[in-house]
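*Asks:* Below are the structure tokens for one structure; questions will follow.
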Amino acid sequence: MLIHIGFGNIVNTTKIIAIVSPDSAPIKRMVQRAKEQGSAIDATQGRRTKSVLVMENGQVVLSALLPETIAGRAQIVGQEVPSENSTAENRLADGEGEE
């Protein structure tokens with residue numbers, strides 16, 4: 001599942017661990033370390049960084065959108081796709097899969 005994080009940039013929602021504000025000192029240090037190591041992806045297009053996405057592979061993605069905006073988009077994307085369990089439940093409700 002992919003979401004738009006601003007300026008034509010898209011990330012995979014299943015790989016996101018956290019979406020945080022860049023204002024705290026620990027997050028600023030994490031971003032600086034990621035830039036030094038080459039594991040930061042700047043998706044701000046030169047704008048002010050308003051959110052930092054921490055990915056499961058250790059990379060950080062910088063976005064010019066607010067964390068609340070990105071989280072809201074991720075929730076919408078998550079609601080659009082039915083889970084495997086609900087699909088199986090729907091089949092049972094329709095009489096499929098019964099012996």
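In the structure tokens, the first chain shown is A, the next is B, and so on; residue numbers restart at 1 for each chain, and ligands run from 1 in the order shown.
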Let's see if you can do this: from backbone DSSP, list all strand (DSSP E or B) residues in chain A, as a PyMOL selection string.
*Replies:* chain A and resi 2-6+9-12+16-20+40-42+51-55+60-63
*Asks:* Tell me which protein, DNA and RNA residues are within 10 Å of Val77 (chain A), counting only C-alpha atoms, leaving out same-chain ones fewer than 2 positions away, and put them as a PyMOL selection string.
*Replies:* chain A and resi 1-3+13+71-75+79-81
*Asks:* Would you please give, as a PyMOL selection string, all residues of chain A that DSSP assigns to alpha helix (DSSP H) based on the backbone?
*Replies:* chain A and resi 25-37+67-80+84-93
*Asks:* Please provide as a VMD selection string all residues within 7 Å of Ser21 (chain A), with the sequence filter that same-chain residues fewer than 2 positions apart are discarded (counting only C-alpha atoms).
*Replies:* chain A and resid 23 50 to 52 67
*Asks:* Excluding same-chain residues fewer than 2 positions from Ile17 (chain A), what lies within 6 Å of it counting only C-alpha atoms, as a tab-separated table (two decimals) with C-alpha atoms, in the first residue's frame?
*Replies:*
chain	number	residue	atom	x	y	z
A	54	VAL	CA	11.23	6.03	10.26
A	55	MET	CA	11.33	2.98	8.00
A	56	GLU	CA	11.86	-0.62	9.08
*Asks:* Mind giving me the straight-line distance from CA of Ile19 (chain A) to CA of Ile70 (chain A) in Å, one decimal?
*Replies:* 7.8 Å
*Asks:* Using only C-alpha atoms, which protein or nucleic acid residues come within 9 Å of region 30-36 of chain A? Drop anything in the same chain fewer than 4 positions from it, and give the result as a PyMOL selection string.
*Replies:* chain A and resi 22+25-26+40-41+52+58-62
*Asks:* CA of Ile16 (chain A) and CA of Ile76 (chain A), how far apart in Å?
*Replies:*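 Atom-to-atom, CA of Ile76 (chain A) and CA of Ile16 (chain A) are spaced 15.0 Å apart.
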*Asks:* CA of Gly6 (chain A) to CA of Gly38 (chain A): how many Å, to one decimal?
*Replies:*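 Value for the CA of Gly6 (chain A)-CA of Gly38 (chain A) distance: 21.2 Å.
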